[in-house]
Structures are given as structure tokens and as C-alpha cells.
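**Student:** Take a look at data.pdb, PDB, C-alpha atoms:
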```
ATOM      1  CA  THR A  12       0.125  12.745 -17.006  1.00  0.00           C
ATOM      2  CA  PRO A  13       1.038  13.374 -13.360  1.00  0.00           C
ATOM      3  CA  ASP A  14      -0.048   9.850 -12.336  1.00  0.00           C
ATOM      4  CA  ILE A  15       2.244   8.219 -14.885  1.00  0.00           C
ATOM      5  CA  ALA A  16       5.132  10.488 -13.884  1.00  0.00           C
ATOM      6  CA  PHE A  17       4.579   9.606 -10.220  1.00  0.00           C
ATOM      7  CA  ARG A  18       4.602   5.865 -10.954  1.00  0.00           C
ATOM      8  CA  GLU A  19       7.769   6.178 -13.042  1.00  0.00           C
ATOM      9  CA  LEU A  20       9.581   8.200 -10.373  1.00  0.00           C
ATOM     10  CA  ARG A  21       8.492   5.794  -7.633  1.00  0.00           C
ATOM     11  CA  ALA A  22       9.747   2.814  -9.672  1.00  0.00           C
ATOM     12  CA  MET A  23      13.031   4.630 -10.337  1.00  0.00           C
ATOM     13  CA  ALA A  24      13.509   5.369  -6.631  1.00  0.00           C
ATOM     14  CA  ASN A  25      12.682   1.762  -5.657  1.00  0.00           C
ATOM     15  CA  ASN A  26      15.021   0.286  -8.290  1.00  0.00           C
ATOM     16  CA  ALA A  27      17.856   2.596  -7.205  1.00  0.00           C
ATOM     17  CA  LYS A  28      17.335   1.632  -3.561  1.00  0.00           C
ATOM     18  CA  ALA A  29      17.443  -2.058  -4.498  1.00  0.00           C
ATOM     19  CA  ALA A  30      20.647  -1.560  -6.531  1.00  0.00           C
ATOM     20  CA  ARG A  31      22.311   0.191  -3.593  1.00  0.00           C
ATOM     21  CA  GLY A  32      21.297  -2.646  -1.265  1.00  0.00           C
ATOM     22  CA  GLU A  33      22.152  -5.551  -3.581  1.00  0.00           C
ATOM     23  CA  ARG A  34      25.205  -4.258  -5.447  1.00  0.00           C
ATOM     24  CA  GLY A  35      26.403  -1.374  -3.288  1.00  0.00           C
ATOM     25  CA  MET A  36      26.237   1.156  -6.114  1.00  0.00           C
ATOM     26  CA  ASN A  37      24.057   4.119  -6.954  1.00  0.00           C
ATOM     27  CA  PRO A  38      22.724   4.041 -10.537  1.00  0.00           C
ATOM     28  CA  LEU A  39      21.103   7.506 -10.408  1.00  0.00           C
ATOM     29  CA  PHE A  40      22.862  10.466 -12.002  1.00  0.00           C
ATOM     30  CA  LEU A  41      21.623  13.936 -12.860  1.00  0.00           C
ATOM     31  CA  CYS A  42      22.864  14.995 -16.285  1.00  0.00           C
ATOM     32  CA  LEU A  43      23.975  18.624 -16.529  1.00  0.00           C
ATOM     33  CA  GLY A  44      24.256  19.652 -20.152  1.00  0.00           C
ATOM     34  CA  MET A  45      24.364  17.637 -23.332  1.00  0.00           C
ATOM     35  CA  LEU A  46      26.869  17.725 -26.141  1.00  0.00           C
ATOM     36  CA  ARG A  47      25.526  17.013 -29.622  1.00  0.00           C
ATOM     37  CA  TRP A  48      27.652  16.686 -32.719  1.00  0.00           C
ATOM     38  CA  PRO A  49      27.028  15.589 -36.296  1.00  0.00           C
ATOM     39  CA  TYR A  50      28.879  12.449 -37.311  1.00  0.00           C
ATOM     40  CA  LYS A  51      27.376  11.140 -40.543  1.00  0.00           C
ATOM     41  CA  GLU A  52      25.662  12.764 -43.494  1.00  0.00           C
ATOM     42  CA  VAL A  53      22.651  10.830 -44.752  1.00  0.00           C
ATOM     43  CA  THR A  54      20.212  11.302 -47.602  1.00  0.00           C
ATOM     44  CA  THR A  55      16.527  11.364 -46.746  1.00  0.00           C
ATOM     45  CA  ASP A  56      13.387  11.995 -48.758  1.00  0.00           C
ATOM     46  CA  LYS A  57      13.660  15.647 -47.628  1.00  0.00           C
ATOM     47  CA  GLY A  58      17.265  16.016 -48.772  1.00  0.00           C
ATOM     48  CA  LYS A  59      20.555  15.691 -46.950  1.00  0.00           C
ATOM     49  CA  ALA A  60      20.751  15.636 -43.184  1.00  0.00           C
ATOM     50  CA  TRP A  61      23.239  14.785 -40.482  1.00  0.00           C
ATOM     51  CA  ARG A  62      22.911  12.022 -37.917  1.00  0.00           C
ATOM     52  CA  THR A  63      23.912  13.257 -34.532  1.00  0.00           C
ATOM     53  CA  ALA A  64      25.381  11.697 -31.418  1.00  0.00           C
ATOM     54  CA  ASP A  65      24.627  12.907 -27.890  1.00  0.00           C
ATOM     55  CA  ALA A  66      26.730  12.669 -24.740  1.00  0.00           C
ATOM     56  CA  PRO A  67      26.255  14.020 -21.209  1.00  0.00           C
ATOM     57  CA  LEU A  68      28.697  16.736 -20.176  1.00  0.00           C
ATOM     58  CA  ILE A  69      28.564  16.274 -16.400  1.00  0.00           C
ATOM     59  CA  LEU A  70      26.981  13.440 -14.421  1.00  0.00           C
ATOM     60  CA  VAL A  71      26.214  14.169 -10.771  1.00  0.00           C
ATOM     61  CA  PRO A  72      25.309  11.236  -8.477  1.00  0.00           C
ATOM     62  CA  VAL A  73      21.972  11.818  -6.746  1.00  0.00           C
ATOM     63  CA  ASN A  74      19.540  10.099  -4.407  1.00  0.00           C
ATOM     64  CA  LEU A  75      15.829  10.070  -5.155  1.00  0.00           C
ATOM     65  CA  GLY A  76      13.550   9.611  -2.163  1.00  0.00           C
ATOM     66  CA  LEU A  77       9.810   9.409  -1.672  1.00  0.00           C
ATOM     67  CA  THR A  78       8.260  11.191   1.293  1.00  0.00           C
ATOM     68  CA  ARG A  79       5.981   9.006   3.380  1.00  0.00           C
ATOM     69  CA  GLY A  80       2.269   9.361   2.759  1.00  0.00           C
ATOM     70  CA  ARG A  81       2.620  12.070   0.129  1.00  0.00           C
ATOM     71  CA  LYS A  82       3.176  12.267  -3.578  1.00  0.00           C
ATOM     72  CA  GLN A  83       6.385  14.212  -3.211  1.00  0.00           C
ATOM     73  CA  PHE A  84       9.953  13.281  -4.025  1.00  0.00           C
ATOM     74  CA  SER A  85      13.240  14.588  -2.743  1.00  0.00           C
ATOM     75  CA  LEU A  86      16.365  14.827  -4.872  1.00  0.00           C
ATOM     76  CA  SER A  87      19.680  15.128  -3.043  1.00  0.00           C
ATOM     77  CA  LEU A  88      23.358  14.874  -3.911  1.00  0.00           C
ATOM     78  CA  ASP A  89      25.018  11.538  -3.174  1.00  0.00           C
ATOM     79  CA  ALA A  90      28.107  12.516  -1.185  1.00  0.00           C
ATOM     80  CA  THR A  91      29.478   8.964  -1.293  1.00  0.00           C
ATOM     81  CA  SER A  92      30.069   9.065  -5.076  1.00  0.00           C
ATOM     82  CA  HIS A  93      31.993  11.385  -7.368  1.00  0.00           C
ATOM     83  CA  THR A  94      30.822  13.790 -10.048  1.00  0.00           C
ATOM     84  CA  THR A  95      32.072  12.648 -13.437  1.00  0.00           C
ATOM     85  CA  PRO A  96      32.794  15.291 -16.037  1.00  0.00           C
ATOM     86  CA  ASN A  97      32.879  13.951 -19.559  1.00  0.00           C
ATOM     87  CA  ALA A  98      36.426  14.773 -20.661  1.00  0.00           C
ATOM     88  CA  ALA A  99      38.211  13.736 -23.814  1.00  0.00           C
ATOM     89  CA  PRO A 100      41.648  12.157 -23.370  1.00  0.00           C
TER      90      PRO A 100
END
```
Would you mind writing the file out in C-alpha cells?

**Tutor:**
Amino acid sequence: TPDIAFRELRAMANNAKAARGERGMNPLFLCLGMLRWPYKEVTTDKGKAWRTADAPLILVPVNLGLTRGRKQFSLSLDATSHTTPNAAP
């Protein structure tokens, strides 16, 4: 529901602000794209299936802010951090 989503986003924004203040780091990243690959074949009651693993392709550091007096949020890029592409060695 919208009320639950609002509470979750507000808690996320508050926790991120506290982490920046206490530890000097931003824990919020926007994930752009997911990579999924099968890694293990398993037998289920419906036959054979593959277990899959997921990994983010690109993580972009963002800031999540709450506008005063309204139920609106702002999402902006964090220019103090670096975008991290998920690259294999």
C-alpha cells in the first residue's frame, strides 16, 4: 500500500542520513540492470530446474531525500561517490 511504501522510504532515507553522519559513507545505490545465470541443476517435484544467481550490473550512488511537509521524495545522484560497474576480472 502507499502508506507502507512511504514508511519504508522514509526509514531508508533516515538510515542513510545516519550512516553518512556516523560513518561518512553513503549506503544507497540505484541498481541498473541485473544479470541472472543458472549455476546448479536441481530436481524438484515438478522435474528438473536450475537454481539461479543474481548480480547487479551497475550500481549508481544516490541520495534519497524527503521534502518537508509533503509525502514526496527526491532521488538525486551522489556526486561524492563513484559508479561501480560489475566487471569480471

**Student:** Run through the PyMOL selection byres ((chain A and resi 29-39) around 6) on the given coordinates and return the selected residues as a list in words.

**Tutor:**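 Evaluating the PyMOL selection byres ((chain A and resi 29-39) around 6) on these coordinates yields Asn26, Ala27, Lys28, Phe40, Pro72 and Val73 of chain A.
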
**Student:** Neighbouring residues of Met45 of chain A were defined as those with any atom within 12 Å, considering all atoms listed in the file; residues of the same chain fewer than 3 positions away were excluded. Please report them as an mmCIF file with C-alpha atoms, in the frame of the given file.

**Tutor:**
```cif
data_model
loop_
_atom_site.group_PDB
_atom_site.id
_atom_site.type_symbol
_atom_site.label_atom_id
_atom_site.label_comp_id
_atom_site.auth_asym_id
_atom_site.auth_seq_id
_atom_site.Cartn_x
_atom_site.Cartn_y
_atom_site.Cartn_z
ATOM 1 C CA LEU A 41 21.623 13.936 -12.860
ATOM 2 C CA CYS A 42 22.864 14.995 -16.285
ATOM 3 C CA TRP A 48 27.652 16.686 -32.719
ATOM 4 C CA ALA A 64 25.381 11.697 -31.418
ATOM 5 C CA ASP A 65 24.627 12.907 -27.890
ATOM 6 C CA ALA A 66 26.730 12.669 -24.740
ATOM 7 C CA PRO A 67 26.255 14.020 -21.209
ATOM 8 C CA LEU A 68 28.697 16.736 -20.176
ATOM 9 C CA ILE A 69 28.564 16.274 -16.400
ATOM 10 C CA LEU A 70 26.981 13.440 -14.421
ATOM 11 C CA PRO A 96 32.794 15.291 -16.037
ATOM 12 C CA ASN A 97 32.879 13.951 -19.559
#
```

**Student:** On this structure, which residues satisfy the PyMOL selection byres ((chain A and resi 80-85) around 12), written as a list in words?

**Tutor:** Pro13, Asp14, Ala16, Phe17, Arg18, Glu19, Leu20, Arg21, Ala22, Met23, Ala24, Asn25, Val73, Asn74, Leu75, Gly76, Leu77, Thr78, Arg79, Leu86, Ser87 and Leu88 of chain A

**Student:** Have a look at atom CA of Leu46 of chain A and atom CA of His93 of chain A and let me know their distance in Å, one decimal.

**Tutor:** 20.5 Å

**Student:** Which is closer to Ser92 of chain A than all the others in A:Trp61, A:Ile15, A:Thr55, A:Val71, using only C-alpha atoms?

**Tutor:**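 Of A:Trp61, A:Ile15, A:Thr55, A:Val71, the one nearest Ser92 of chain A, counting only C-alpha atoms, is A:Val71.
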
**Student:** Can you work out the spacing between atom CA of Thr63 of chain A and atom CA of Arg47 of chain A in Å, to one decimal?

**Tutor:**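 If I compute the distance from atom CA of Thr63 of chain A to atom CA of Arg47 of chain A, I get 6.4 Å.
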
**Student:** Take every atom of segment 61-71 of chain A listed in the file, pad by 4 Å on each side, and give me the axis-aligned box centre and edge lengths in Å, one decimal, as JSON.

**Tutor:**
```
{"center_x": 25.8, "center_y": 14.2, "center_z": -25.6, "size_x": 13.8, "size_y": 13.0, "size_z": 37.7}
```

**Student:** For Arg62 of chain A, please output as a list in words all residues within 10 Å (counting only C-alpha atoms; exclusion window: fewer than 2 positions along the same chain).

**Tutor:** Trp48, Pro49, Tyr50, Lys51, Glu52, Val53, Ala60 and Ala64 of chain A
